$ cat model_27.tsv   # TSV, C-alpha atoms
chain	number	residue	atom	x	y	z
A	1	MET	CA	0.00	0.00	0.00
A	2	ARG	CA	2.91	2.31	0.75
A	3	ALA	CA	4.36	1.64	-2.70
A	4	GLY	CA	0.94	2.36	-4.24
A	5	LEU	CA	0.78	5.69	-2.43
A	6	ALA	CA	4.27	6.57	-3.64
A	7	VAL	CA	3.27	5.79	-7.25
A	8	VAL	CA	0.11	7.93	-6.97
A	9	ALA	CA	2.14	10.80	-5.45
A	10	VAL	CA	4.71	10.66	-8.26
A	11	ALA	CA	1.89	10.71	-10.84
A	12	GLY	CA	0.34	13.65	-8.97
A	13	ILE	CA	3.65	15.54	-9.02
A	14	ALA	CA	3.91	14.96	-12.78
A	15	VAL	CA	0.37	16.23	-13.51
A	16	ALA	CA	0.48	19.18	-11.09
A	17	GLY	CA	3.98	20.02	-12.32
A	18	TYR	CA	2.76	20.18	-15.92
A	19	LEU	CA	-0.23	22.35	-14.95
A	20	THR	CA	2.05	24.68	-12.98
A	21	TYR	CA	4.38	24.93	-15.99
A	22	VAL	CA	1.58	25.90	-18.37
A	23	HIS	CA	0.20	28.35	-15.83
A	24	TYR	CA	3.45	30.31	-15.87
A	25	ARG	CA	3.99	29.73	-19.59
A	26	PRO	CA	0.53	30.17	-21.13
A	27	ASP	CA	2.05	30.27	-24.61
A	28	ALA	CA	2.65	26.55	-24.14
A	29	LEU	CA	-1.07	26.24	-24.75
A	30	ILE	CA	-3.23	27.17	-27.67
A	31	CYS	CA	-6.97	27.50	-27.85
A	32	THR	CA	-8.48	24.67	-29.85
A	33	SER	CA	-12.02	23.97	-30.93
A	34	HIS	CA	-12.23	21.40	-28.11
A	35	GLY	CA	-11.94	24.19	-25.53
A	36	GLY	CA	-10.62	23.07	-22.15
A	37	CYS	CA	-7.38	23.59	-20.28
A	38	GLU	CA	-6.62	27.04	-21.62
A	39	THR	CA	-10.00	28.32	-20.44
A	40	VAL	CA	-9.66	26.75	-17.01
A	41	GLN	CA	-6.03	27.83	-16.63
A	42	GLU	CA	-6.79	31.38	-17.70
A	43	SER	CA	-9.88	31.71	-15.53
A	44	SER	CA	-9.85	33.83	-12.39
A	45	TYR	CA	-10.23	30.63	-10.34
A	46	ALA	CA	-6.81	29.37	-11.48
A	47	GLU	CA	-5.20	31.35	-8.67
A	48	LEU	CA	-5.94	31.55	-4.99
A	49	ALA	CA	-4.79	34.81	-3.42
A	50	GLY	CA	-2.18	35.12	-6.16
A	51	ILE	CA	-0.92	31.55	-5.83
A	52	PRO	CA	-1.66	29.24	-8.77
A	53	VAL	CA	-3.95	26.39	-7.71
A	54	ALA	CA	-1.72	24.06	-9.72
A	55	LEU	CA	1.26	25.12	-7.59
A	56	LEU	CA	-0.70	24.41	-4.39
A	57	GLY	CA	-1.42	20.96	-5.79
A	58	LEU	CA	2.23	20.40	-6.62
A	59	ILE	CA	3.28	21.37	-3.08
A	60	ALA	CA	0.66	19.02	-1.60
A	61	TRP	CA	1.78	16.10	-3.77
A	62	CYS	CA	5.43	16.70	-2.82
A	63	ALA	CA	4.42	16.73	0.85
A	64	VAL	CA	2.57	13.44	0.40
A	65	LEU	CA	5.61	11.82	-1.22
A	66	ALA	CA	7.89	13.07	1.57
A	67	LEU	CA	5.50	11.79	4.26
A	68	VAL	CA	5.18	8.40	2.54
A	69	ALA	CA	8.97	8.18	2.56
A	70	TRP	CA	9.05	9.12	6.25
A	71	ASP	CA	6.49	6.41	7.14
A	72	SER	CA	5.79	7.04	10.83
A	73	GLU	CA	2.44	7.03	12.58
A	74	THR	CA	2.34	10.84	12.48
A	75	ALA	CA	3.24	10.79	8.77
A	76	ARG	CA	0.42	8.33	8.01
A	77	THR	CA	-2.07	10.55	9.85
A	78	LEU	CA	-0.84	13.65	8.03
A	79	VAL	CA	-1.09	11.92	4.63
A	80	ALA	CA	-4.67	10.95	5.42
A	81	ALA	CA	-5.43	14.53	6.46
A	82	ILE	CA	-3.90	15.95	3.26
A	83	ALA	CA	-5.83	13.38	1.24
A	84	LEU	CA	-9.16	14.32	2.86
A	85	GLY	CA	-8.45	18.00	2.30
A	86	ALA	CA	-7.43	17.36	-1.30
A	87	ALA	CA	-10.63	15.36	-1.88
A	88	GLY	CA	-12.76	18.23	-0.61
A	89	PHE	CA	-10.90	20.76	-2.75
A	90	ALA	CA	-11.06	18.47	-5.82
A	91	ILE	CA	-14.85	18.33	-5.48
A	92	TYR	CA	-14.90	22.14	-5.42
A	93	LEU	CA	-12.65	22.39	-8.49
A	94	VAL	CA	-14.70	19.89	-10.51
A	95	THR	CA	-17.88	21.77	-9.55
A	96	LEU	CA	-16.28	25.01	-10.77
A	97	GLN	CA	-15.40	23.44	-14.12
A	98	ALA	CA	-18.89	22.02	-14.54
A	99	PHE	CA	-21.04	24.95	-13.46
A	100	VAL	CA	-18.99	28.16	-13.33
A	101	ILE	CA	-16.13	28.07	-15.86
A	102	ASP	CA	-18.14	25.78	-18.14
A	103	ALA	CA	-15.05	24.13	-19.57
A	104	TRP	CA	-13.11	20.97	-18.81
A	105	CYS	CA	-9.38	20.68	-18.37
A	106	ILE	CA	-8.39	17.07	-18.97
A	107	TRP	CA	-5.24	17.16	-16.82
A	108	CYS	CA	-7.15	18.83	-13.99
A	109	LEU	CA	-9.70	16.02	-14.21
A	110	VAL	CA	-7.00	13.35	-14.15
A	111	ASN	CA	-5.80	14.92	-10.90
A	112	ASP	CA	-9.23	15.58	-9.36
A	113	LEU	CA	-11.12	12.45	-10.42
A	114	VAL	CA	-8.41	9.79	-10.59
A	115	LEU	CA	-5.33	10.62	-8.53
A	116	VAL	CA	-6.92	12.42	-5.57
A	117	PRO	CA	-9.62	9.74	-5.00
A	118	LEU	CA	-6.94	7.03	-5.23
A	119	LEU	CA	-4.80	8.93	-2.73
A	120	THR	CA	-7.74	9.36	-0.37
A	121	ILE	CA	-8.76	5.70	-0.43
A	122	LEU	CA	-5.21	4.42	0.04
A	123	ALA	CA	-4.19	6.98	2.67
A	124	VAL	CA	-7.31	6.71	4.85
A	125	TRP	CA	-7.41	2.93	4.61
A	126	ARG	CA	-3.73	2.75	5.56
A	127	ALA	CA	-4.18	5.11	8.51
A	128	LEU	CA	-7.25	3.23	9.79
A	129	ARG	CA	-5.66	-0.17	9.34
A	130	THR	CA	-2.57	0.78	11.32
A	131	ALA	CA	-4.82	2.37	13.96
A	132	ASP	CA	-6.64	-0.97	14.36
A	133	ALA	CA	-3.37	-2.88	14.58
B	134	MET	CA	-14.59	3.39	52.37
B	135	PRO	CA	-13.94	1.45	49.19
B	136	PRO	CA	-11.56	3.14	46.71
B	137	LYS	CA	-13.17	4.84	43.74
B	138	PRO	CA	-12.93	2.76	40.59
B	139	ARG	CA	-10.30	4.25	38.31
B	140	LYS	CA	-11.17	5.24	34.79
B	141	PRO	CA	-9.43	2.84	32.41
B	142	PRO	CA	-6.66	4.53	30.37
B	143	PRO	CA	-7.64	5.18	26.73
B	144	ARG	CA	-6.66	2.42	24.42
B	145	ARG	CA	-3.84	3.22	21.99
B	146	THR	CA	-6.01	2.42	18.97
B	147	ASP	CA	-8.67	4.86	20.21
B	148	THR	CA	-6.03	7.59	20.50
B	149	LYS	CA	-4.87	6.88	16.97
B	150	LYS	CA	-8.39	7.06	15.60
B	151	ARG	CA	-9.05	10.26	17.52
B	152	ASN	CA	-5.86	11.81	16.08
B	153	LEU	CA	-6.97	10.77	12.63
B	154	LEU	CA	-10.37	12.33	13.19
B	155	ILE	CA	-8.80	15.59	14.42
B	156	ALA	CA	-6.45	15.69	11.44
B	157	GLY	CA	-9.36	15.06	9.07
B	158	ALA	CA	-11.43	17.80	10.68
B	159	GLY	CA	-8.46	20.16	10.43
B	160	ALA	CA	-8.09	19.34	6.73
B	161	VAL	CA	-11.77	19.99	6.10
B	162	ALA	CA	-11.49	23.35	7.90
B	163	VAL	CA	-8.45	24.35	5.81
B	164	VAL	CA	-10.28	23.41	2.60
B	165	ALA	CA	-13.34	25.37	3.67
B	166	ILE	CA	-11.15	28.45	4.14
B	167	LEU	CA	-9.50	27.91	0.74
B	168	VAL	CA	-12.88	27.58	-0.97
B	169	VAL	CA	-14.20	30.75	0.68
B	170	VAL	CA	-11.06	32.70	-0.34
B	171	SER	CA	-11.33	31.35	-3.89
B	172	VAL	CA	-15.01	32.24	-4.24
B	173	VAL	CA	-14.60	35.71	-2.73
B	174	VAL	CA	-11.40	36.67	-4.59
B	175	ALA	CA	-12.03	35.06	-7.97
B	176	GLY	CA	-15.78	35.32	-8.12
B	177	GLY	CA	-15.70	38.97	-7.19
B	178	GLY	CA	-13.06	39.86	-9.72
B	179	ASP	CA	-14.44	38.13	-12.78
B	180	SER	CA	-17.42	40.00	-14.00
B	181	GLY	CA	-16.30	39.63	-17.59
B	182	THR	CA	-17.70	43.04	-18.37
B	183	THR	CA	-14.79	45.28	-17.58
B	184	THR	CA	-14.76	48.35	-19.68
B	185	THR	CA	-11.84	49.92	-21.39
B	186	SER	CA	-11.46	53.25	-22.96
B	187	GLY	CA	-10.59	53.33	-26.62
B	188	ALA	CA	-7.98	55.96	-25.81
B	189	SER	CA	-5.09	53.62	-25.01
B	190	SER	CA	-5.51	51.52	-28.16
B	191	SER	CA	-6.08	54.65	-30.24
B	192	ALA	CA	-2.71	55.99	-29.10
B	193	LEU	CA	-0.99	52.71	-29.95
B	194	PHE	CA	-2.32	52.65	-33.52
B	195	ALA	CA	-2.34	56.39	-34.19
B	196	GLY	CA	-0.69	57.27	-37.47
B	197	ILE	CA	-0.16	53.67	-38.58
B	198	PRO	CA	-1.90	52.87	-41.87
B	199	GLN	CA	-4.68	50.25	-41.75
B	200	ASP	CA	-5.93	48.52	-44.85
B	201	GLY	CA	-8.69	45.99	-44.24
B	202	THR	CA	-7.26	43.38	-41.89
B	203	GLU	CA	-3.69	44.65	-42.23
B	204	LEU	CA	-1.78	47.08	-40.08
B	205	GLY	CA	1.39	48.78	-41.21
B	206	ALA	CA	3.21	50.04	-44.28
B	207	LYS	CA	2.27	48.37	-47.56
B	208	ASP	CA	5.95	48.06	-48.53
B	209	ALA	CA	7.05	46.47	-45.23
B	210	PRO	CA	9.43	43.62	-46.11
B	211	VAL	CA	7.85	41.18	-43.62
B	212	THR	CA	4.22	40.29	-42.99
B	213	PHE	CA	3.33	38.70	-39.66
B	214	VAL	CA	0.09	36.72	-39.88
B	215	GLN	CA	-1.83	36.20	-36.64
B	216	PHE	CA	-4.50	33.51	-36.57
B	217	GLU	CA	-6.69	34.50	-33.65
B	218	ASP	CA	-10.04	33.76	-32.05
B	219	LEU	CA	-11.40	36.78	-30.19
B	220	GLN	CA	-12.72	34.52	-27.43
B	221	CYS	CA	-9.39	32.77	-26.90
B	222	PRO	CA	-7.82	33.72	-23.53
B	223	ILE	CA	-4.36	32.80	-24.83
B	224	CYS	CA	-4.80	35.29	-27.70
B	225	ARG	CA	-5.72	37.88	-25.08
B	226	SER	CA	-2.49	37.03	-23.21
B	227	TYR	CA	-0.53	37.69	-26.41
B	228	GLN	CA	-2.39	40.96	-26.90
B	229	GLU	CA	-1.59	42.04	-23.34
B	230	ASP	CA	2.04	40.93	-23.45
B	231	GLY	CA	4.24	41.36	-26.53
B	232	PHE	CA	1.77	42.77	-29.07
B	233	SER	CA	2.04	46.47	-28.18
B	234	GLN	CA	5.83	46.37	-28.33
B	235	ILE	CA	5.71	44.62	-31.71
B	236	VAL	CA	3.57	47.48	-33.00
B	237	GLN	CA	5.92	50.09	-31.54
B	238	ASP	CA	9.24	48.51	-32.53
B	239	TYR	CA	8.44	46.83	-35.84
B	240	VAL	CA	5.15	48.02	-37.32
B	241	ARG	CA	5.44	51.74	-36.67
B	242	PRO	CA	8.95	51.99	-38.25
B	243	GLY	CA	7.64	50.14	-41.33
B	244	LYS	CA	9.64	46.93	-40.90
B	245	VAL	CA	6.70	44.56	-40.34
B	246	ARG	CA	3.09	44.53	-41.46
B	247	LEU	CA	0.58	42.69	-39.29
B	248	GLN	CA	-2.27	40.67	-40.75
B	249	PHE	CA	-5.26	39.82	-38.57
B	250	ALA	CA	-6.43	36.34	-39.57
B	251	GLY	CA	-9.53	35.91	-37.45
B	252	ILE	CA	-11.08	32.47	-37.14
B	253	ALA	CA	-14.07	31.47	-35.04
B	254	ILE	CA	-13.22	28.09	-33.53
B	255	LEU	CA	-14.57	28.37	-29.99
B	256	GLY	CA	-18.26	29.03	-30.49
B	257	GLN	CA	-21.02	31.49	-31.24
B	258	ASP	CA	-19.48	34.38	-29.31
B	259	SER	CA	-16.33	33.94	-31.42
B	260	GLU	CA	-18.29	34.23	-34.63
B	261	LYS	CA	-20.29	37.27	-33.57
B	262	ALA	CA	-17.20	39.10	-32.30
B	263	LEU	CA	-15.31	38.25	-35.48
B	264	ARG	CA	-18.11	39.55	-37.70
B	265	TYR	CA	-18.06	42.90	-35.95
B	266	ALA	CA	-14.24	43.08	-35.93
B	267	LEU	CA	-14.14	42.50	-39.69
B	268	ALA	CA	-16.92	45.03	-40.15
B	269	ALA	CA	-14.81	47.56	-38.22
B	270	ALA	CA	-12.16	47.13	-40.91
B	271	ASN	CA	-14.55	48.86	-43.34
B	272	GLN	CA	-14.22	51.94	-41.15
B	273	GLY	CA	-10.43	51.56	-40.84
B	274	LYS	CA	-10.51	50.62	-37.16
B	275	LEU	CA	-10.29	46.84	-36.99
B	276	TRP	CA	-7.21	46.86	-34.76
B	277	GLN	CA	-8.70	49.32	-32.26
B	278	TYR	CA	-11.89	47.28	-32.10
B	279	VAL	CA	-10.02	43.98	-31.70
B	280	ALA	CA	-7.98	45.50	-28.84
B	281	ALA	CA	-11.18	46.67	-27.17
B	282	LEU	CA	-12.79	43.23	-27.54
B	283	TYR	CA	-9.80	41.49	-25.96
B	284	ALA	CA	-9.77	44.00	-23.10
B	285	ASN	CA	-13.43	43.17	-22.43
B	286	GLN	CA	-13.24	39.44	-23.11
B	287	GLY	CA	-15.64	37.34	-21.02
B	288	GLU	CA	-15.83	33.66	-20.13
B	289	GLU	CA	-15.92	31.35	-23.12
B	290	ASN	CA	-19.36	31.08	-24.76
B	291	SER	CA	-21.04	32.79	-21.83
B	292	GLY	CA	-22.90	35.09	-24.18
B	293	TRP	CA	-20.59	38.01	-23.35
B	294	VAL	CA	-20.63	39.31	-26.94
B	295	THR	CA	-23.90	41.16	-26.56
B	296	ASP	CA	-25.17	44.00	-28.74
B	297	ASP	CA	-24.77	46.33	-25.77
B	298	VAL	CA	-21.08	45.45	-25.35
B	299	LEU	CA	-20.44	45.68	-29.10
B	300	GLU	CA	-22.15	49.07	-29.31
B	301	ARG	CA	-20.33	50.47	-26.27
B	302	LEU	CA	-16.95	49.37	-27.62
B	303	ALA	CA	-17.84	50.76	-31.06
B	304	GLU	CA	-18.54	54.12	-29.47
B	305	ASP	CA	-15.29	53.91	-27.46
B	306	VAL	CA	-13.18	53.52	-30.59
B	307	GLY	CA	-15.25	55.93	-32.68
B	308	LEU	CA	-17.12	53.60	-35.02
B	309	ASP	CA	-20.46	54.30	-36.69
B	310	TRP	CA	-22.64	51.72	-34.91
B	311	THR	CA	-25.43	51.62	-37.48
B	312	GLN	CA	-22.99	51.05	-40.32
B	313	LEU	CA	-21.09	48.49	-38.24
B	314	GLN	CA	-24.25	46.44	-37.66
B	315	LYS	CA	-25.12	46.55	-41.33
B	316	ASP	CA	-21.63	45.49	-42.44
B	317	ALA	CA	-21.38	42.74	-39.80
B	318	ALA	CA	-24.48	41.06	-41.25
B	319	SER	CA	-23.27	41.28	-44.83
B	320	GLU	CA	-22.44	38.45	-47.21
B	321	GLU	CA	-19.03	40.01	-47.77
B	322	ILE	CA	-18.07	39.42	-44.12
B	323	THR	CA	-19.26	35.80	-44.36
B	324	ARG	CA	-17.12	35.36	-47.48
B	325	GLN	CA	-14.06	36.82	-45.70
B	326	MET	CA	-14.57	34.53	-42.70
B	327	ASP	CA	-14.89	31.47	-44.93
B	328	ALA	CA	-11.76	32.43	-46.86
B	329	THR	CA	-9.67	32.81	-43.70
B	330	ALA	CA	-11.02	29.54	-42.28
B	331	ALA	CA	-10.07	27.79	-45.54
B	332	GLU	CA	-6.59	29.32	-45.40
B	333	ALA	CA	-6.21	28.15	-41.79
B	334	ALA	CA	-7.19	24.63	-42.83
B	335	ARG	CA	-4.77	24.71	-45.77
B	336	LEU	CA	-1.90	25.81	-43.51
B	337	GLY	CA	-2.83	23.26	-40.83
B	338	VAL	CA	-3.48	25.84	-38.10
B	339	PRO	CA	-4.00	23.75	-34.93
B	340	GLY	CA	-5.61	26.49	-32.84
B	341	THR	CA	-5.08	30.06	-31.77
B	342	PRO	CA	-2.92	31.99	-31.56
B	343	THR	CA	-0.84	30.62	-34.44
B	344	PHE	CA	1.71	32.82	-36.18
B	345	PHE	CA	3.12	32.78	-39.70
B	346	VAL	CA	5.85	34.90	-41.23
B	347	LYS	CA	5.77	35.93	-44.88
B	348	VAL	CA	8.86	37.50	-46.39
B	349	GLY	CA	7.96	39.36	-49.57
B	350	ASP	CA	5.93	37.09	-51.83
B	351	ALA	CA	7.45	33.88	-50.46
B	352	GLN	CA	5.31	31.16	-48.93
B	353	PRO	CA	4.46	31.83	-45.27
B	354	TYR	CA	6.14	29.68	-42.66
B	355	ALA	CA	4.91	28.94	-39.13
B	356	VAL	CA	6.79	30.33	-36.14
B	357	GLN	CA	6.43	29.45	-32.47
B	358	PRO	CA	7.75	32.04	-30.00
B	359	SER	CA	9.00	30.61	-26.72
B	360	SER	CA	6.79	33.07	-24.84
B	361	PHE	CA	4.65	36.12	-25.62
B	362	SER	CA	7.25	38.59	-24.35
B	363	ILE	CA	8.76	40.91	-26.95
B	364	ASP	CA	12.17	39.25	-26.45
B	365	ALA	CA	10.75	35.99	-27.76
B	366	PHE	CA	9.60	37.69	-30.96
B	367	ARG	CA	12.79	39.66	-31.66
B	368	PRO	CA	14.81	36.70	-33.06
B	369	ILE	CA	11.84	35.76	-35.27
B	370	PHE	CA	11.70	39.24	-36.79
B	371	ALA	CA	15.49	39.55	-36.97
B	372	ASP	CA	15.66	36.33	-38.94
B	373	ALA	CA	12.84	37.36	-41.29
B	374	LEU	CA	14.25	40.84	-41.85
B	375	SER	CA	17.67	39.43	-42.70
B	376	GLN	CA	16.31	37.28	-45.56
$ encode --input "model_27.tsv" --output "structure tokens"
Amino acid sequence: MRAGLAVVAVAGIAVAGYLTYVHYRPDALICTSHGGCETVQESSYAELAGIPVALLGLIAWCAVLALVAWDSETARTLVAAIALGAAGFAIYLVTLQAFVIDAWCIWCLVNDLVLVPLLTILAVWRALRTADA
Amino acid sequence: MPPKPRKPPPRRTDTKKRNLLIAGAGAVAVVAILVVVSVVVAGGGDSGTTTTSGASSSALFAGIPQDGTELGAKDAPVTFVQFEDLQCPICRSYQEDGFSQIVQDYVRPGKVRLQFAGIAILGQDSEKALRYALAAANQGKLWQYVAALYANQGEENSGWVTDDVLERLAEDVGLDWTQLQKDAASEEITRQMDATAAEAARLGVPGTPTFFVKVGDAQPYAVQPSSFSIDAFRPIFADALSQ
């Protein structure tokens, strides 16, 4: 399970890293008839008090990877807490894309609908299982 | 008197679960704060109906000849073709970043001529905005009107290209609104839009913005600046001007 968490965290770093890169280098994107990432990344919701949301995600994924490497009881609890927080924020971000920005960013969805739920399931299960032990 | 029964010490597993619960509650609280900040800051600052005066764009283009969709001297050795969608936020980024300096440093001195190649790939708002931009060319103010549209760009396909917005911007840049409406609905504008869309397809334009350089009568070639800052465009123009 620890290895699984590490794999998910590395994938999360890759996706959030790419989204952070295109946030600072918007010319890396072009608008296509499919719409999508450029709209989401250029929307006013792409930053939170001046900090790119993608960068916040990248920091969180790096923290998860570091805590998985640490592997203490405190680290397991913190990973579960980050995972629960990330799940809540991912729900908010997907809601924004669906109802406010009205555009879908595929890499944001990979993060919000695949990686974050995987992280949450693995991290909470791991923390509960060790608590029962 | 019998001793009071002692409370049993909490089990270690209970402590662990309680810590987990506290951490989870803390995480939820942090997320709630983040969501509130996001909604207040972003939601409040994104009306999509910001207004801009035509004065700044008028100053930028003042004295530079405009002919239809082209800006700059007719005998400029290099033509820079810009495939754009007026709804595209990345095109707006280009407009806000290197574009003004390109006009100042290359178009005004007569080195480069810009060609607006408008395509409507993102939806109905794109098409409506493009029609009016092309119609503004009939009054010699396409570039001012395009700048005003970018400055007032709303969320994609949110219906931001309303008659009210178009009329207000037309007044800002000094266009005859009645004539603009008439021209925008004309067959000639439809023909122009179709021709540019066909040219984009022929050149394999993948999206917007996409740039091409044309030196004299030679075939245009695609260029990809590393960013939208003026420094990223300088080597492109230097290379074209040296040919």
$ atom_distance --input "model_27.tsv" --atom1 "CA of Leu93 in chain A" --atom2 "CA of Asp112 in chain A"
7.7 Å
$ interface_residues --input "model_27.tsv" --of "chain B" --to "chain A" --cutoff "9 Å" --atoms "all atoms listed in the file" --output "PyMOL selection string"
chain B and resi 145-150+152-165+167-168+170-172+174-176+178-179+218+221-224+226-227+253-256+288-291+339-343+358-361
$ write_last_selection --input "model_27.tsv" --atoms "C-alpha atoms" --output "mmCIF file, keeping the file's coordinate frame"
data_model
loop_
_atom_site.group_PDB
_atom_site.id
_atom_site.type_symbol
_atom_site.label_atom_id
_atom_site.label_comp_id
_atom_site.auth_asym_id
_atom_site.auth_seq_id
_atom_site.Cartn_x
_atom_site.Cartn_y
_atom_site.Cartn_z
ATOM 1 C CA ARG B 145 -3.840 3.220 21.990
ATOM 2 C CA THR B 146 -6.010 2.420 18.970
ATOM 3 C CA ASP B 147 -8.670 4.860 20.210
ATOM 4 C CA THR B 148 -6.030 7.590 20.500
ATOM 5 C CA LYS B 149 -4.870 6.880 16.970
ATOM 6 C CA LYS B 150 -8.390 7.060 15.600
ATOM 7 C CA ASN B 152 -5.860 11.810 16.080
ATOM 8 C CA LEU B 153 -6.970 10.770 12.630
ATOM 9 C CA LEU B 154 -10.370 12.330 13.190
ATOM 10 C CA ILE B 155 -8.800 15.590 14.420
ATOM 11 C CA ALA B 156 -6.450 15.690 11.440
ATOM 12 C CA GLY B 157 -9.360 15.060 9.070
ATOM 13 C CA ALA B 158 -11.430 17.800 10.680
ATOM 14 C CA GLY B 159 -8.460 20.160 10.430
ATOM 15 C CA ALA B 160 -8.090 19.340 6.730
ATOM 16 C CA VAL B 161 -11.770 19.990 6.100
ATOM 17 C CA ALA B 162 -11.490 23.350 7.900
ATOM 18 C CA VAL B 163 -8.450 24.350 5.810
ATOM 19 C CA VAL B 164 -10.280 23.410 2.600
ATOM 20 C CA ALA B 165 -13.340 25.370 3.670
ATOM 21 C CA LEU B 167 -9.500 27.910 0.740
ATOM 22 C CA VAL B 168 -12.880 27.580 -0.970
ATOM 23 C CA VAL B 170 -11.060 32.700 -0.340
ATOM 24 C CA SER B 171 -11.330 31.350 -3.890
ATOM 25 C CA VAL B 172 -15.010 32.240 -4.240
ATOM 26 C CA VAL B 174 -11.400 36.670 -4.590
ATOM 27 C CA ALA B 175 -12.030 35.060 -7.970
ATOM 28 C CA GLY B 176 -15.780 35.320 -8.120
ATOM 29 C CA GLY B 178 -13.060 39.860 -9.720
ATOM 30 C CA ASP B 179 -14.440 38.130 -12.780
ATOM 31 C CA ASP B 218 -10.040 33.760 -32.050
ATOM 32 C CA CYS B 221 -9.390 32.770 -26.900
ATOM 33 C CA PRO B 222 -7.820 33.720 -23.530
ATOM 34 C CA ILE B 223 -4.360 32.800 -24.830
ATOM 35 C CA CYS B 224 -4.800 35.290 -27.700
ATOM 36 C CA SER B 226 -2.490 37.030 -23.210
ATOM 37 C CA TYR B 227 -0.530 37.690 -26.410
ATOM 38 C CA ALA B 253 -14.070 31.470 -35.040
ATOM 39 C CA ILE B 254 -13.220 28.090 -33.530
ATOM 40 C CA LEU B 255 -14.570 28.370 -29.990
ATOM 41 C CA GLY B 256 -18.260 29.030 -30.490
ATOM 42 C CA GLU B 288 -15.830 33.660 -20.130
ATOM 43 C CA GLU B 289 -15.920 31.350 -23.120
ATOM 44 C CA ASN B 290 -19.360 31.080 -24.760
ATOM 45 C CA SER B 291 -21.040 32.790 -21.830
ATOM 46 C CA PRO B 339 -4.000 23.750 -34.930
ATOM 47 C CA GLY B 340 -5.610 26.490 -32.840
ATOM 48 C CA THR B 341 -5.080 30.060 -31.770
ATOM 49 C CA PRO B 342 -2.920 31.990 -31.560
ATOM 50 C CA THR B 343 -0.840 30.620 -34.440
ATOM 51 C CA PRO B 358 7.750 32.040 -30.000
ATOM 52 C CA SER B 359 9.000 30.610 -26.720
ATOM 53 C CA SER B 360 6.790 33.070 -24.840
ATOM 54 C CA PHE B 361 4.650 36.120 -25.620
#
$ residues_around --input "model_27.tsv" --residues "Val15 in chain A" --least-positions-apart "5" --cutoff "8 Å" --atoms "all atoms listed in the file" --output "PyMOL selection string"
chain A and resi 107-108+110-111
$ axis_aligned_box --input "model_27.tsv" --around "range 112-124 of chain A" --padding-each-side "8 Å" --output "lines of an AutoDock Vina configuration file"
center_x = -7.7
center_y = 10.0
center_z = -2.9
size_x = 22.9
size_y = 27.2
size_z = 31.4
$ residues_around --input "model_27.tsv" --residues "Ala262 in chain B" --least-positions-apart "3" --cutoff "7 Å" --atoms "all atoms listed in the file" --output "list in words"
Leu219, Asp258, Ser259, Tyr265, Ala266 and Val294 of chain B
$ atom_distance --input "model_27.tsv" --atom1 "CA of Asn271 in chain B" --atom2 "CA of Glu203 in chain B"
11.7 Å
$ atom_distance --input "model_27.tsv" --atom1 "CA of Gly201 in chain B" --atom2 "CA of Leu308 in chain B"
14.6 Å
$ residues_around --input "model_27.tsv" --residues "Pro353 in chain B" --least-positions-apart "6" --cutoff "10 Å" --atoms "only C-alpha atoms" --output "ChimeraX atom specification"
/B:212-214,336,344-347
$ closest_residue --input "model_27.tsv" --among "B:Ile252, B:Leu313, B:Ala270, B:Val348" --to "Ala333 in chain B" --atoms "all atoms listed in the file"
B:Ile252
$ closest_residue --input "model_27.tsv" --among "A:Ala69, A:Cys62, A:Ile91, A:Val22" --to "Val114 in chain A" --atoms "all atoms listed in the file"
A:Ile91
$ residues_around --input "model_27.tsv" --residues "range 238-247 of chain B" --least-positions-apart "2" --cutoff "9 Å" --atoms "all atoms listed in the file" --output "PyMOL selection string"
chain B and resi 194+196-197+202-215+233-236+249+370+374
$ residues_near_point --input "model_27.tsv" --point "(-19.9, 43.5, -25.4)" --cutoff "12 Å" --atoms "all atoms listed in the file" --output "short mmCIF file (atom, residue, chain, number, x, y, z; two decimals) with C-alpha atoms, in the coordinates of the input"
data_model
loop_
_atom_site.label_atom_id
_atom_site.label_comp_id
_atom_site.auth_asym_id
_atom_site.auth_seq_id
_atom_site.Cartn_x
_atom_site.Cartn_y
_atom_site.Cartn_z
CA GLY B 181 -16.30 39.63 -17.59
CA THR B 182 -17.70 43.04 -18.37
CA THR B 183 -14.79 45.28 -17.58
CA THR B 184 -14.76 48.35 -19.68
CA THR B 185 -11.84 49.92 -21.39
CA LEU B 219 -11.40 36.78 -30.19
CA GLN B 220 -12.72 34.52 -27.43
CA ASP B 258 -19.48 34.38 -29.31
CA SER B 259 -16.33 33.94 -31.42
CA LYS B 261 -20.29 37.27 -33.57
CA ALA B 262 -17.20 39.10 -32.30
CA TYR B 265 -18.06 42.90 -35.95
CA ALA B 266 -14.24 43.08 -35.93
CA TYR B 278 -11.89 47.28 -32.10
CA VAL B 279 -10.02 43.98 -31.70
CA ALA B 281 -11.18 46.67 -27.17
CA LEU B 282 -12.79 43.23 -27.54
CA TYR B 283 -9.80 41.49 -25.96
CA ALA B 284 -9.77 44.00 -23.10
CA ASN B 285 -13.43 43.17 -22.43
CA GLN B 286 -13.24 39.44 -23.11
CA GLY B 287 -15.64 37.34 -21.02
CA GLU B 288 -15.83 33.66 -20.13
CA SER B 291 -21.04 32.79 -21.83
CA GLY B 292 -22.90 35.09 -24.18
CA TRP B 293 -20.59 38.01 -23.35
CA VAL B 294 -20.63 39.31 -26.94
CA THR B 295 -23.90 41.16 -26.56
CA ASP B 296 -25.17 44.00 -28.74
CA ASP B 297 -24.77 46.33 -25.77
CA VAL B 298 -21.08 45.45 -25.35
CA LEU B 299 -20.44 45.68 -29.10
CA GLU B 300 -22.15 49.07 -29.31
CA ARG B 301 -20.33 50.47 -26.27
CA LEU B 302 -16.95 49.37 -27.62
CA ALA B 303 -17.84 50.76 -31.06
CA GLU B 304 -18.54 54.12 -29.47
CA ASP B 305 -15.29 53.91 -27.46
#
